[in-house]
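J.: Let me give you the structure first, and then I'll get to my questions.
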Protein chains: 2
Amino acid sequence: MPVLSVETLRTASEQTFVRAGVSKEVAQHVVGLLIRANLAGHDSHGVVRIPGYVDQLIAGRIVPDAEVEILDETPTSARLKGNHHFGQVVLARGAEVAISKSEQAPVSLVTAYQYSHCGQLGAYAAMLTEADRVGIVLLGKQRGAVVPAGGKSGRLYQNTLAIALPSTKPFPVVLDMATCVAPFGKVLVRRARNELCPEGWLVDADGNPSRDPFLDFSAGEGGLLPLGSPQVGHKGSGLTFVLGILATALSGAGGQGEGTLIMAVNPAFFGDPNGFREEVALCVDYLNETSPIEGVDRVLAPGERSYLESRRRQAEGIYVEDSTWDKIQELASV
Amino acid sequence: MPVLSVETLRTASEQTFVRAGVSKEVAQHVVGLLIRANLAGHDSHGVVRIPGYVDQLIAGRIVPDAEVEILDETPTSARLKGNHHFGQVVLARGAEVAISKSEQAPVSLVTAYQYSHCGQLGAYAAMLTEADRVGIVLLGKQRGAVVPAGGKSGRLYQNTLAIALPSTKPFPVVLDMATCVAPFGKVLVRRARNELCPEGWLVDADGNPSRDPFLDFSAGEGGLLPLGSPQVGHKGSGLTFVLGILATALSGAGGQGEGTLIMAVNPAFFGDPNGFREEVALCVDYLNETSPIEGVDRVLAPGERSYLESRRRQAEGIYVEDSTWDKIQELASV
């Protein structure tokens with residue numbers, strides 16, 4: 001149960017990809033984003049993914065030297081076709097293009113498809129804030145395990161919305177949320193631990209509440225409840241429905257694929273850009289000043305907890321479970 | 001308890017505004033949107049608002065011949081200052097500008113502030129679909145009665161998100177949702193009826209669940225719970241926080257005012273625009289085919305229920321409660 005320094009984890013992790021035929025530059029980029037997720041406390045999107053990524057590299061499902069094609073380009077938009085490159089590479093390129101196209105224009109829109117798992121979506125929205133843009137990023141599919149309000153079985157995907165705002169605080173505001181109560185990854189954790197899910201996450205094949213993490217959604221056995229369930233599940237249901245269409249139909253991902261939409265808004269075209277960043281910081285202050293309920297120290301802004309956790313883990317190291325660290329070391333030394 | 005034809009209701013309603021000094025053209029426009037809400041089944045945003053609007057006209061808080069100023073204009077953006085014109089006029093103008101600016105460009109962004117109550121937000125998103133655009137509309141304030149996750153009292157506003165997609169169906173997909181479990185208007189209905197609210201809507205001054213519709217939020221007595229409460233209230237809380245900043249800080253509404261952001265995306269720049277509309281329709285079909293729970297005929301797409309209800313009421317007439325109809329007739333004949 002090692003607690004590793006960022007450098008130790010980074011060196012070994014990069015090596016796993018280099019050994020699998022990935023260029024040093026791409027390995028650094030992908031590992032940087034994985035470790036960023038670990039630092040932020042989102043371990044499920046961190047280095048635990050490396051063995052799976054290496055499997056995909058070996059199987060040819062990730063093509064680490066693919067050309068990321070730019071299609072349908074205009075001065076303020078583009079459609080990226082990833083040709084099975086890493087999600088981390090394709091979406092970071094998308095963020096760069098969105099930034100560049102919102103230099104001389106107030107808003108740009110870049111879509112992407114045909115890429116592998118991209119990790120934490122909020123990271124790409126946050127990249128836009130480094131150039132003082134507002135970042136709005138949607139990732140979605142048309143079909144999945146989320147049960148629409150009024151329905152019995154999983155039909156819609158757990159589409160994700162990330163919005164990031166630059167601020168004069170030492171961190172950007174970053175909202176990063178899936179549109180269901182609990183995403184499938186959390187069900188898998190319960191499955192692995194042989195534990196029941198909390199109430200409110202799932203329904204069974206008859207549309208009744210269930211706590212069974214072993215339901216086979218793909219066989220029509222119920223699914224994940226949408227955000228707002230049980231009272232206003234139509235909100236989460238409707239939100240995931242429209243986000244799924246936007247992410248796929250504007251990217252070219254189609255009915256079966258996953259697509260992403262990256263929008264950059266340049267506040268400089270709507271007033272003083274420093275004023276915008278200061279206004280965001282004032283809103284964070286106002287939120288922080290909320291009188292907290294018992295057991296809560298301070299009401300935090302979206303992204304603030306990840307920032308605080310990153311600082312802590314940067315100093316104290318990152319805990320990685322034995323099985324993952326053993327596997328990384330093995331893959332690094334093959 | 002009259003059931004009125006659309007024409008009877010329209011004629012009298014327009015007359016109330018004309019009598020209050022509003023031009024025929026503006027009266028037609030505002031009444032058209034109010035009746036559209038009644039037709040869609042959203043009576044709380046319909047002609048019940050007319051007496052309040054007339055009061056505001058008389059008090060000079062709505063200025064029905066104000067100039068809607070266009071500030072910070074670029075080829076793909078603008079900031080509208082309403083100068084206290086009707087919300088219906090300012091936001092419809094915003095939608096027109098967004099459409100026009102996304103004719104030669106894939107995406108445009110128009111913000112607006114200083115306008116009166118605008119009615120149903122989804123109507124403006126839907127206007128964009130009439131020009132085959134995707135419409136994304138946010139309305140918000142920075143402060144209000146929504147309790148942030150981890151907090152005790154109302155701090156954030158019940159910011160609203162509307163997303164509309166053109167389709168080859170006889171109706172556009174229109175999502176229109178406030179980011180709390182139940183908006184304040186629903187609490188007011190309970191207050192008027194002297195009925196308790198359902199569980200899950202409110203907390204009291206100590207942050208404990210409450211069903212009391214008489215809580216005085218402005219005096220710090222609790223507030224409205226965010227979407228996702230109680231399990232994942234941080235999602236609704238985070239969403240309303242970022243939407244409130246976007247709507248105000250990009251419009252110039254500032255910390256106390258209300259602002260709106262209207263974004264138009266032109267699918268023609270991302271592929272075949274008919275293909276987009278067809279893909280939306282296929283997604284509606286797929287959703288409609290979901291196996292429904294008992295008591296539900298068919299799982300509907302966002303906006304579909306309003307469309308069906310509009311057709312029904314267009315044929316059968318609109319029910320208006322006596323007090324509202326009496327008041328409209330009185331104001332029409334002053």
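Scheme for the structure tokens: letters A, B, ... for chains in order shown; per-chain residue numbers from 1; ligand numbers from 1 in order shown.
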DSSP on the backbone: which residues in range 88-122 of chain A end up as alpha helix (DSSP H)? Give the answer as a PyMOL selection string.
T.: chain A and resi 88-101+122
J.: Mind listing as an MDAnalysis selection string which residues of chain A are within 6 Å of chain B, counting only C-alpha atoms?
T.: chainID A and resid 150:152 227:228 238 250 270 290:293 299 302
J.: Using only C-alpha atoms, can you tell me which of A:Arg133, A:Thr168, A:Leu9, A:Ile262 comes closest to Leu80 in chain A?
T.: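 Selected residue with least distance to Leu80 in chain A: A:Ile262.
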J.: Leaving out Phe17 in chain B and any residue of its chain fewer than 3 positions from it, which residues lie within 12 Å of it when counting only C-alpha atoms, given as a PyMOL selection string?
T.: chain B and resi 10-14+20-31+47+49-58+62-64+86+328-334
J.: Report the residues of range 143-324 of chain A whose backbone DSSP state falls under strand (DSSP E), written as a list in words.
T.: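 Restricting range 143-324 of chain A to strand (DSSP E) produces Thr160, Leu161, Ala162, Ile163, Ala164, Leu165, Val173, Val174, Leu175, Asp176, Met177, Ala178, Leu202, Val203, Pro209, Ser210, Gly223, Leu224, Gly259, Thr260, Leu261, Ile262, Met263, Ala264, Val265, Ile318 and Tyr319 of chain A.
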